[in-house]
Amino acid sequence: VVDMYDVLGFDYNRELHWIDHVPGQSNKERRSLIKLHFIVYPKGWHRYGKLCASFNTGYNTWARNNFLRTLRPKNFYEHVLAWWIWVTTWSNAMWEMYFGWSNLVYIGAAYALGSTPFLILTSFRHYCIYMATFAYRQPPVAHGTLMRDSKLYKTIALMHLSKRLLPLVQLPRDIPGLALAAVGFSITILATMQLGMVRTYFGSELGFVKPQWISGFPYNTIPHPMIVGQLFAYSSILMWWRDEMPIETAALVCGHMACYTAHMVQEMLTSSY
């Protein structure tokens, strides 16, 4: 909560922000809020900086004028404009919160390069995010963006694996293999439940929550259970479907295991706790 005389700085174009009332509190005196818009650009890139400043100034002026007209709409057009501004603002916020425009550009560019680059660039991106964030902790990163991007690329990676592994499954023959994989993934899920989402994505290391000793299962039994569970699941998949699995799929699974192992070693060598 921003209080009197506080200063808050953020990226207006890329960081979601709301101005809202504090529940249960009211202003006892006149409130004044000063908003200063400024632009930062690389040294020597004056034309680029002026161009960005011009675009932002034009957009902000247009958006502010439309917003003022919708505070007390007087006719049908202004009512429609009010709803349009609300819908576009909400839609953009939801998109940025759960997907991100930068991710759309990255995924689109990766797809344009062809099937193999797309597979590689979207299967292992979340590991790069994990390891880069764990190594680069100061100044603090945008934790919401970290969790959004990690979940997004993890989901895409699992979709790639599912597309290649599910056609290999034959029931009831493969029930034991599925059970072994489920055990490994269940260990990871239980570990995530013990930590919570914020701590799972380095909330303690990055200073967003206080460090806390986790003693519940599987942490009281298995070291590094979140990664060990994944390694057990992928090892089970490789072992059970080794005869039917194409070499490319086996390489993809081994790539995931190698990335998880590298990140586990990173945590063991450089963790703060």
# chains A, B, ... in the order shown; residues from 1 in each chain; ligands from 1

$ residues_around --residues "Phe217 (chain A)" --least-positions-apart "3" --cutoff "9 Å" --atoms "only C-alpha atoms" --output "ChimeraX atom specification"
/A:187,190-191,194,214,220-222

$ residues_around --residues "Asp174 (chain A)" --least-positions-apart "4" --cutoff "9 Å" --atoms "only C-alpha atoms" --output "compact mmCIF listing (two decimals) with all heavy atoms, in the first residue's frame"
# COMPACT_ATOMS: atom_id res chain seq x y z
N VAL A 169 1.38 -45.47 -25.47
CA VAL A 169 0.72 -46.16 -24.36
C VAL A 169 -0.32 -47.14 -24.89
O VAL A 169 -1.16 -46.80 -25.73
CB VAL A 169 0.04 -45.14 -23.41
CG1 VAL A 169 -0.70 -45.87 -22.30
CG2 VAL A 169 1.08 -44.20 -22.83
N GLN A 170 -0.23 -48.37 -24.37
CA GLN A 170 -1.22 -49.41 -24.69
C GLN A 170 -1.72 -50.01 -23.38
O GLN A 170 -0.93 -50.52 -22.58
CB GLN A 170 -0.61 -50.50 -25.57
CG GLN A 170 -0.16 -50.03 -26.94
CD GLN A 170 0.37 -51.16 -27.80
OE1 GLN A 170 0.02 -52.33 -27.60
NE2 GLN A 170 1.20 -50.82 -28.78
N LEU A 178 2.82 -46.53 -16.31
CA LEU A 178 2.08 -45.32 -15.95
C LEU A 178 2.09 -45.10 -14.45
O LEU A 178 2.20 -43.96 -13.97
CB LEU A 178 0.64 -45.40 -16.47
CG LEU A 178 0.46 -45.39 -17.98
CD1 LEU A 178 -1.00 -45.67 -18.34
CD2 LEU A 178 0.90 -44.05 -18.57
N ALA A 179 1.99 -46.17 -13.68
CA ALA A 179 1.99 -46.06 -12.22
C ALA A 179 3.33 -45.54 -11.71
O ALA A 179 3.38 -44.70 -10.81
CB ALA A 179 1.66 -47.42 -11.60
N TRP A 240 10.46 -47.97 -19.25
CA TRP A 240 9.30 -48.79 -19.62
C TRP A 240 9.06 -48.79 -21.13
O TRP A 240 8.69 -49.81 -21.70
CB TRP A 240 8.06 -48.30 -18.88
CG TRP A 240 6.91 -49.25 -19.02
CD1 TRP A 240 5.89 -49.18 -19.92
CD2 TRP A 240 6.70 -50.44 -18.27
NE1 TRP A 240 5.03 -50.25 -19.78
CE2 TRP A 240 5.51 -51.04 -18.77
CE3 TRP A 240 7.39 -51.07 -17.23
CZ2 TRP A 240 5.01 -52.23 -18.24
CZ3 TRP A 240 6.89 -52.25 -16.71
CH2 TRP A 240 5.72 -52.82 -17.21
N TRP A 241 9.24 -47.65 -21.78
CA TRP A 241 8.93 -47.56 -23.21
C TRP A 241 10.21 -47.49 -24.05
O TRP A 241 10.21 -46.95 -25.14
CB TRP A 241 8.07 -46.33 -23.48
CG TRP A 241 6.64 -46.51 -23.07
CD1 TRP A 241 5.67 -47.14 -23.79
CD2 TRP A 241 6.02 -46.09 -21.86
NE1 TRP A 241 4.48 -47.13 -23.09
CE2 TRP A 241 4.67 -46.48 -21.90
CE3 TRP A 241 6.48 -45.41 -20.72
CZ2 TRP A 241 3.77 -46.23 -20.86
CZ3 TRP A 241 5.60 -45.15 -19.69
CH2 TRP A 241 4.25 -45.57 -19.76

$ residues_around --residues "Cys254 (chain A)" --least-positions-apart "3" --cutoff "9 Å" --atoms "only C-alpha atoms" --output "number ranges by chain"
A: 234-235, 238, 249-251, 257-259

$ residues_around --residues "Tyr41 (chain A)" --least-positions-apart "5" --cutoff "10 Å" --atoms "only C-alpha atoms" --output "list of chain:residue names"
A:His46, A:Arg47, A:Tyr48, A:Gly49, A:Lys50, A:Cys52, A:Ala53

$ select_by_dssp --residues "region 94-204 of chain A" --states "alpha helix (DSSP H)" --output "ChimeraX atom specification"
/A:94-98,101-112,115-123,125-135,143-165,175-195,197-200

$ closest_residue --among "A:Ser102, A:Ser236, A:Ser150, A:Thr145" --to "Gly184 (chain A)" --atoms "only C-alpha atoms"
A:Ser236

$ atom_distance --atom1 "CA of Tyr260 (chain A)" --atom2 "CA of Val228 (chain A)"
8.6 Å

$ closest_residue --among "A:Tyr219, A:Trp18, A:Phe202, A:Tyr77" --to "Val1 (chain A)" --atoms "only C-alpha atoms"
A:Trp18

$ residues_around --residues "Arg199 (chain A)" --least-positions-apart "4" --cutoff "12 Å" --atoms "only C-alpha atoms" --output "list in words"
His143, Met147, Ala191, Thr192, Met193, Gln194, Leu195, Gly203, Ser204, Glu205, Leu206, Gly207, Phe208, Val209, Lys210, Pro211, Gln212, Trp213 and Ile214 of chain A

$ decode --residues "region 230-264 of chain A" --atoms "N, CA, C and O atoms" --output "PDB file, in the first residue's frame"
ATOM      1  N   GLN A 230      10.613 -35.594 -10.476  1.00  0.00           N
ATOM      2  CA  GLN A 230      10.623 -35.484 -11.938  1.00  0.00           C
ATOM      3  C   GLN A 230      11.617 -36.470 -12.557  1.00  0.00           C
ATOM      4  O   GLN A 230      11.311 -37.126 -13.570  1.00  0.00           O
ATOM      5  N   LEU A 231      12.791 -36.560 -11.952  1.00  0.00           N
ATOM      6  CA  LEU A 231      13.800 -37.482 -12.480  1.00  0.00           C
ATOM      7  C   LEU A 231      13.326 -38.935 -12.406  1.00  0.00           C
ATOM      8  O   LEU A 231      13.562 -39.726 -13.327  1.00  0.00           O
ATOM      9  N   PHE A 232      12.656 -39.293 -11.309  1.00  0.00           N
ATOM     10  CA  PHE A 232      12.129 -40.650 -11.178  1.00  0.00           C
ATOM     11  C   PHE A 232      11.067 -40.922 -12.239  1.00  0.00           C
ATOM     12  O   PHE A 232      11.051 -41.999 -12.857  1.00  0.00           O
ATOM     13  N   ALA A 233      10.179 -39.938 -12.464  1.00  0.00           N
ATOM     14  CA  ALA A 233       9.118 -40.118 -13.457  1.00  0.00           C
ATOM     15  C   ALA A 233       9.694 -40.294 -14.855  1.00  0.00           C
ATOM     16  O   ALA A 233       9.307 -41.216 -15.600  1.00  0.00           O
ATOM     17  N   TYR A 234      10.629 -39.424 -15.238  1.00  0.00           N
ATOM     18  CA  TYR A 234      11.202 -39.510 -16.580  1.00  0.00           C
ATOM     19  C   TYR A 234      12.053 -40.770 -16.746  1.00  0.00           C
ATOM     20  O   TYR A 234      12.081 -41.367 -17.829  1.00  0.00           O
ATOM     21  N   SER A 235      12.750 -41.177 -15.690  1.00  0.00           N
ATOM     22  CA  SER A 235      13.519 -42.425 -15.761  1.00  0.00           C
ATOM     23  C   SER A 235      12.599 -43.617 -15.965  1.00  0.00           C
ATOM     24  O   SER A 235      12.915 -44.545 -16.729  1.00  0.00           O
ATOM     25  N   SER A 236      11.463 -43.604 -15.285  1.00  0.00           N
ATOM     26  CA  SER A 236      10.491 -44.687 -15.444  1.00  0.00           C
ATOM     27  C   SER A 236       9.955 -44.738 -16.873  1.00  0.00           C
ATOM     28  O   SER A 236       9.789 -45.814 -17.452  1.00  0.00           O
ATOM     29  N   ILE A 237       9.696 -43.564 -17.431  1.00  0.00           N
ATOM     30  CA  ILE A 237       9.194 -43.504 -18.816  1.00  0.00           C
ATOM     31  C   ILE A 237      10.236 -44.055 -19.782  1.00  0.00           C
ATOM     32  O   ILE A 237       9.910 -44.842 -20.687  1.00  0.00           O
ATOM     33  N   LEU A 238      11.488 -43.653 -19.601  1.00  0.00           N
ATOM     34  CA  LEU A 238      12.554 -44.151 -20.478  1.00  0.00           C
ATOM     35  C   LEU A 238      12.713 -45.663 -20.360  1.00  0.00           C
ATOM     36  O   LEU A 238      12.906 -46.370 -21.360  1.00  0.00           O
ATOM     37  N   MET A 239      12.641 -46.178 -19.140  1.00  0.00           N
ATOM     38  CA  MET A 239      12.843 -47.611 -18.920  1.00  0.00           C
ATOM     39  C   MET A 239      11.689 -48.418 -19.505  1.00  0.00           C
ATOM     40  O   MET A 239      11.906 -49.420 -20.197  1.00  0.00           O
ATOM     41  N   TRP A 240      10.456 -47.970 -19.247  1.00  0.00           N
ATOM     42  CA  TRP A 240       9.301 -48.792 -19.619  1.00  0.00           C
ATOM     43  C   TRP A 240       9.059 -48.793 -21.129  1.00  0.00           C
ATOM     44  O   TRP A 240       8.687 -49.814 -21.704  1.00  0.00           O
ATOM     45  N   TRP A 241       9.235 -47.650 -21.776  1.00  0.00           N
ATOM     46  CA  TRP A 241       8.934 -47.556 -23.207  1.00  0.00           C
ATOM     47  C   TRP A 241      10.211 -47.494 -24.051  1.00  0.00           C
ATOM     48  O   TRP A 241      10.206 -46.949 -25.142  1.00  0.00           O
ATOM     49  N   ARG A 242      11.291 -48.054 -23.547  1.00  0.00           N
ATOM     50  CA  ARG A 242      12.580 -47.958 -24.247  1.00  0.00           C
ATOM     51  C   ARG A 242      12.552 -48.623 -25.615  1.00  0.00           C
ATOM     52  O   ARG A 242      13.249 -48.194 -26.544  1.00  0.00           O
ATOM     53  N   ASP A 243      11.761 -49.668 -25.796  1.00  0.00           N
ATOM     54  CA  ASP A 243      11.738 -50.381 -27.071  1.00  0.00           C
ATOM     55  C   ASP A 243      10.885 -49.668 -28.118  1.00  0.00           C
ATOM     56  O   ASP A 243      11.199 -49.709 -29.309  1.00  0.00           O
ATOM     57  N   GLU A 244       9.804 -49.000 -27.675  1.00  0.00           N
ATOM     58  CA  GLU A 244       8.903 -48.331 -28.619  1.00  0.00           C
ATOM     59  C   GLU A 244       9.251 -46.878 -28.870  1.00  0.00           C
ATOM     60  O   GLU A 244       8.826 -46.289 -29.854  1.00  0.00           O
ATOM     61  N   MET A 245      10.048 -46.289 -28.004  1.00  0.00           N
ATOM     62  CA  MET A 245      10.278 -44.849 -28.061  1.00  0.00           C
ATOM     63  C   MET A 245      11.262 -44.478 -29.165  1.00  0.00           C
ATOM     64  O   MET A 245      12.378 -44.989 -29.219  1.00  0.00           O
ATOM     65  N   PRO A 246      10.878 -43.576 -30.068  1.00  0.00           N
ATOM     66  CA  PRO A 246      11.818 -43.092 -31.090  1.00  0.00           C
ATOM     67  C   PRO A 246      13.016 -42.391 -30.442  1.00  0.00           C
ATOM     68  O   PRO A 246      12.913 -41.843 -29.339  1.00  0.00           O
ATOM     69  N   ILE A 247      14.125 -42.382 -31.131  1.00  0.00           N
ATOM     70  CA  ILE A 247      15.341 -41.801 -30.594  1.00  0.00           C
ATOM     71  C   ILE A 247      15.174 -40.318 -30.302  1.00  0.00           C
ATOM     72  O   ILE A 247      15.726 -39.782 -29.339  1.00  0.00           O
ATOM     73  N   GLU A 248      14.384 -39.623 -31.136  1.00  0.00           N
ATOM     74  CA  GLU A 248      14.163 -38.186 -30.906  1.00  0.00           C
ATOM     75  C   GLU A 248      13.405 -37.940 -29.610  1.00  0.00           C
ATOM     76  O   GLU A 248      13.727 -37.017 -28.853  1.00  0.00           O
ATOM     77  N   THR A 249      12.413 -38.787 -29.331  1.00  0.00           N
ATOM     78  CA  THR A 249      11.647 -38.641 -28.090  1.00  0.00           C
ATOM     79  C   THR A 249      12.509 -38.969 -26.886  1.00  0.00           C
ATOM     80  O   THR A 249      12.444 -38.298 -25.851  1.00  0.00           O
ATOM     81  N   ALA A 250      13.340 -40.014 -27.015  1.00  0.00           N
ATOM     82  CA  ALA A 250      14.255 -40.362 -25.921  1.00  0.00           C
ATOM     83  C   ALA A 250      15.224 -39.218 -25.642  1.00  0.00           C
ATOM     84  O   ALA A 250      15.514 -38.894 -24.482  1.00  0.00           O
ATOM     85  N   ALA A 251      15.706 -38.574 -26.702  1.00  0.00           N
ATOM     86  CA  ALA A 251      16.613 -37.440 -26.524  1.00  0.00           C
ATOM     87  C   ALA A 251      15.906 -36.277 -25.836  1.00  0.00           C
ATOM     88  O   ALA A 251      16.491 -35.573 -25.000  1.00  0.00           O
ATOM     89  N   LEU A 252      14.622 -36.075 -26.169  1.00  0.00           N
ATOM     90  CA  LEU A 252      13.852 -34.997 -25.537  1.00  0.00           C
ATOM     91  C   LEU A 252      13.692 -35.264 -24.046  1.00  0.00           C
ATOM     92  O   LEU A 252      13.895 -34.358 -23.214  1.00  0.00           O
ATOM     93  N   VAL A 253      13.359 -36.497 -23.681  1.00  0.00           N
ATOM     94  CA  VAL A 253      13.205 -36.847 -22.266  1.00  0.00           C
ATOM     95  C   VAL A 253      14.541 -36.707 -21.534  1.00  0.00           C
ATOM     96  O   VAL A 253      14.607 -36.166 -20.421  1.00  0.00           O
ATOM     97  N   CYS A 254      15.605 -37.176 -22.161  1.00  0.00           N
ATOM     98  CA  CYS A 254      16.935 -37.045 -21.548  1.00  0.00           C
ATOM     99  C   CYS A 254      17.333 -35.578 -21.388  1.00  0.00           C
ATOM    100  O   CYS A 254      17.992 -35.206 -20.406  1.00  0.00           O
ATOM    101  N   GLY A 255      16.916 -34.741 -22.333  1.00  0.00           N
ATOM    102  CA  GLY A 255      17.188 -33.314 -22.218  1.00  0.00           C
ATOM    103  C   GLY A 255      16.522 -32.710 -20.992  1.00  0.00           C
ATOM    104  O   GLY A 255      17.122 -31.893 -20.275  1.00  0.00           O
ATOM    105  N   HIS A 256      15.279 -33.111 -20.724  1.00  0.00           N
ATOM    106  CA  HIS A 256      14.588 -32.633 -19.527  1.00  0.00           C
ATOM    107  C   HIS A 256      15.314 -33.105 -18.266  1.00  0.00           C
ATOM    108  O   HIS A 256      15.481 -32.332 -17.308  1.00  0.00           O
ATOM    109  N   MET A 257      15.736 -34.342 -18.252  1.00  0.00           N
ATOM    110  CA  MET A 257      16.434 -34.870 -17.087  1.00  0.00           C
ATOM    111  C   MET A 257      17.760 -34.145 -16.870  1.00  0.00           C
ATOM    112  O   MET A 257      18.141 -33.839 -15.725  1.00  0.00           O
ATOM    113  N   ALA A 258      18.466 -33.858 -17.954  1.00  0.00           N
ATOM    114  CA  ALA A 258      19.751 -33.148 -17.836  1.00  0.00           C
ATOM    115  C   ALA A 258      19.547 -31.739 -17.285  1.00  0.00           C
ATOM    116  O   ALA A 258      20.316 -31.271 -16.438  1.00  0.00           O
ATOM    117  N   CYS A 259      18.504 -31.059 -17.736  1.00  0.00           N
ATOM    118  CA  CYS A 259      18.240 -29.698 -17.253  1.00  0.00           C
ATOM    119  C   CYS A 259      17.847 -29.708 -15.785  1.00  0.00           C
ATOM    120  O   CYS A 259      18.294 -28.846 -15.004  1.00  0.00           O
ATOM    121  N   TYR A 260      17.014 -30.669 -15.390  1.00  0.00           N
ATOM    122  CA  TYR A 260      16.639 -30.764 -13.978  1.00  0.00           C
ATOM    123  C   TYR A 260      17.858 -31.062 -13.111  1.00  0.00           C
ATOM    124  O   TYR A 260      18.023 -30.500 -12.018  1.00  0.00           O
ATOM    125  N   THR A 261      18.726 -31.942 -13.594  1.00  0.00           N
ATOM    126  CA  THR A 261      19.933 -32.277 -12.832  1.00  0.00           C
ATOM    127  C   THR A 261      20.841 -31.062 -12.696  1.00  0.00           C
ATOM    128  O   THR A 261      21.384 -30.790 -11.611  1.00  0.00           O
ATOM    129  N   ALA A 262      21.008 -30.311 -13.773  1.00  0.00           N
ATOM    130  CA  ALA A 262      21.852 -29.112 -13.723  1.00  0.00           C
ATOM    131  C   ALA A 262      21.302 -28.095 -12.731  1.00  0.00           C
ATOM    132  O   ALA A 262      22.050 -27.481 -11.956  1.00  0.00           O
ATOM    133  N   HIS A 263      19.988 -27.919 -12.723  1.00  0.00           N
ATOM    134  CA  HIS A 263      19.398 -26.964 -11.789  1.00  0.00           C
ATOM    135  C   HIS A 263      19.511 -27.451 -10.345  1.00  0.00           C
ATOM    136  O   HIS A 263      19.733 -26.649  -9.423  1.00  0.00           O
ATOM    137  N   MET A 264      19.373 -28.755 -10.130  1.00  0.00           N
ATOM    138  CA  MET A 264      19.522 -29.298  -8.780  1.00  0.00           C
ATOM    139  C   MET A 264      20.937 -29.081  -8.254  1.00  0.00           C
ATOM    140  O   MET A 264      21.139 -28.686  -7.101  1.00  0.00           O
TER     141      MET A 264
END
